[in-house]
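> I'd like to ask some things about the structure below.
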Amino acid sequence: MTSPPQSGIDAEFIDFLRTLLPALVRETLTGVFQDAPDYQALPPEQLGIELPRAADANLRLFLDSVVEGRLPRAADVSDLIEIAVHRARAGVPLDAMLSVYHTGAAAAWNSVAALANTPEQREQLLALVPYVLGYLGAVTPGVAAAYLRERQDLHWEQREAERAVAQALVHGKPADLLAERFGISLDGGFQVLVFRLAESQGRPAASGRPVLRLAHAEIEALSPRALSMMERTGGVILIPAGDTESTGKLDTFVTRMATGTGLRTVAGHAVAAGPAQVCAAAEEAGEIVRLADRLHRPTGVYRMADLALQYQLARPGPARAWLLSLLTPLAEHEHLLATLRALIRHGYNRQEAADDLVVHRNTLNYRLNRIAVLTGYDPGRPDHAQLFAAALTASDIDAAE
């Protein structure tokens with residue numbers, strides 16, 4: 001016979017419960033499988049061996065704690081914590097895992113209630129209620145903490161693997177083995193987004209806001225399969241082809257980053273046909289975002305079509321050097337440069353340009369003639385006007401470097 005319990009529960013009733021353990025394990029598992037579908041998807045060895053052992057261990061630990069009149073100690077629940085780690089690795093949700101303890105307790109309770117035939121047994125069963133609640137309150141927090149620690153470790157490990165794969169692809173290095181190890185698909189192409197957090201948008205930046213946490217949350221919304229390399233000032237995101245059905249998601253990501261941080265956020269976008277092309281696409285997108293940033297473009301996603309001329313004019317070479325030299329004679333004549341910019345800004349409409357500068361049209365014409373004399377090129381001629389427009393663009397890029 002069991003030694004007299006310190007809890008006030010009769011030893012005879014405890015012995016009665018111990019004889020019911022095999023049946024209680026079966027009833028507990030039946031209740032779990034009915035109410036927790038996630039457990040039905042576990043591997044056969046866990047369903048047939050680990051789960052029955054876990055149910056039996058829980059019930060025995062509960063009875064021992066009742067006999068000793070105390071709550072389970074940390075050392076008592078070490079096996080249960082190890083099982084929680086297994087559930088975390090298997091991908092069982094935390095709420096499902098915790099609900100199993102209550103579902104199992106209810107199933108075992110109902111089973112005992114159906115077999116308690118005497119008034120004394122029913123009275124003893126009711127006296128167990130505080131111990132059931134105390135047991136659940138003592139065990140589930142430790143199990144939940146172990147689960148969360150394991151999930152956090154797994155999430156961190158997966159995120160680091162995704163970062164390493166992204167870094168390898170961006171730098172043109174092999175990534176196949178690492179990707180295969182962590183189940184990361186490299187099939188097909190990628191949309192490459194390089195984004196940068198720039199200056200404040202006219203209101204205080206959210207400097208205390210966890211920028212990286214915000215970015216990771218928005219990237220997850222952009223595509224659960226996205227790979228990324230992140231810093232506090234921006235990052236590179238590789239989105240598997242087909243994961244964003246429209247450009248709207250990319251625009252939304254950039255807008256939400258700008259809203260969340262209070263910073264102007266610009267991004268460069270390019271497409272890689274496959275993993276081998278990611279490096280070149282990242283370089284292209286990176287140059288686009290640098291141009292958008294240096295030219296103070298507003299928050300948004302920019303592509304080659306948006307900045308093709310600026311992209312080309314940013315490349316060093318004799319053509320760019322010649323264009324910059326075209327403006328050299330005007331360097332000490334700010335009013336002439338302002339006139340040239342106004343003319344181009346208004347589509348070469350002289351009256352609108354004059355109104356913008358708040359000068360008479362004759363004054364505008366005089367200044368344009370002066371530009372022609374100093375440079376040898378007439379901004380009134382369409383072919384020369386195009387040269388001046390390209391020269392001003394190259395000058396703006398040069399000034400922003």
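Letters A, B, ... go to the chains of the structure tokens in the order shown; residues in each chain start at 1; ligands are counted from 1 in the same order.
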Just list the residues in segment 181-366 of chain A DSSP gives alpha helix (DSSP H) on the backbone, as an NGL selection string.
:A and (181 or 211-222 or 248-261 or 278-294 or 304-313 or 318-326 or 334-345 or 350-357 or 361-366)
> Just the residues within 9 Å of segment 224-237 of chain A, please, counting only C-alpha atoms, with nothing from its chain fewer than 4 positions along; format it as a ChimeraX atom specification.
/A:159,162-167,170,184-185,191-198,210-212,215-216,219-220,243,265,282,286
> What is the distance between atom CA of Ile9 of chain A and atom CA of His102 of chain A, in Å to one decimal?
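We find that atom CA of Ile9 of chain A and atom CA of His102 of chain A lie 21.8 Å from each other.
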> Measuring atom to atom with only C-alpha atoms, identify which of A:Gly189, A:Pro298, A:Pro329, A:Gly242 is nearest to Ala270 of chain A.
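Closest residue, counting only C-alpha atoms: A:Gly189.
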> Mind giving me the straight-line distance from atom CA of Arg87 of chain A to atom CA of Val132 of chain A in Å, one decimal?
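Distance reported for this atom pair: 23.1 Å.
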> Take atom CA of Gln121 of chain A and atom CA of Phe13 of chain A and report the distance between them in Å, one decimal.
6.8 Å
> Could you list, as a PyMOL selection string, every residue within 7 Å of segment 353-363 of chain A, counting only C-alpha atoms and ignoring same-chain residues fewer than 6 positions away?
chain A and resi 342-343+346
> Please, could you write that set of residues out with N, CA, C and O atoms as a JSON list (two decimals), in the first residue's frame?

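Output below, filename out.json:
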```
[["chain", "number", "residue", "atom", "x", "y", "z"],
["A", 342, "ALA", "N", 15.75, 76.68, -64.69],
["A", 342, "ALA", "CA", 14.34, 77.06, -64.83],
["A", 342, "ALA", "C", 13.83, 76.73, -66.23],
["A", 342, "ALA", "O", 12.70, 76.24, -66.40],
["A", 343, "LEU", "N", 14.64, 76.98, -67.25],
["A", 343, "LEU", "CA", 14.24, 76.70, -68.63],
["A", 343, "LEU", "C", 13.97, 75.20, -68.81],
["A", 343, "LEU", "O", 12.97, 74.80, -69.41],
["A", 346, "HIS", "N", 10.83, 73.88, -66.92],
["A", 346, "HIS", "CA", 9.55, 74.25, -67.52],
["A", 346, "HIS", "C", 9.43, 73.81, -68.98],
["A", 346, "HIS", "O", 8.65, 74.37, -69.75]]
```
> Segment 235-328 of chain A near segment 376-395 of chain A within 12 Å: what's each residue's closest atom pair and its distance in Å to one decimal, counting only C-alpha atoms, ordered by chain then ascending residue number, as a tab-separated table?

```
residue	atom	partner	partner_atom	distance
A:Leu291	CA	A:Thr393	CA	11.2
A:Arg294	CA	A:Thr393	CA	11.8
A:Leu295	CA	A:Thr393	CA	9.5
A:Leu307	CA	A:Thr393	CA	10.8
A:Ala308	CA	A:Thr393	CA	11.6
A:Leu309	CA	A:Ala390	CA	8.0
A:Gln310	CA	A:Thr393	CA	6.7
A:Tyr311	CA	A:Ala394	CA	9.7
A:Gln312	CA	A:Ala394	CA	9.2
A:Leu313	CA	A:Ala394	CA	5.6
A:Ala314	CA	A:Ala394	CA	6.7
A:Arg315	CA	A:Ala394	CA	9.5
A:Pro316	CA	A:Ala394	CA	10.2
A:Gly317	CA	A:Ala394	CA	11.6
A:Ala319	CA	A:Ala391	CA	9.9
A:Arg320	CA	A:Ala394	CA	6.9
A:Ala321	CA	A:Ala394	CA	9.0
A:Trp322	CA	A:Ala391	CA	8.5
A:Leu323	CA	A:Ala391	CA	4.7
A:Leu324	CA	A:Ala391	CA	5.6
A:Ser325	CA	A:Ala391	CA	8.3
A:Leu326	CA	A:Ala391	CA	6.9
A:Leu327	CA	A:Ala391	CA	7.0
A:Thr328	CA	A:Ser395	CA	10.2
```
> Using only C-alpha atoms, which residue out of A:Ala36, A:Ala273, A:Leu238, A:Ala267 lies closest to Leu94 of chain A?
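Of A:Ala36, A:Ala273, A:Leu238, A:Ala267, the one nearest Leu94 of chain A is A:Ala36, counting only C-alpha atoms.
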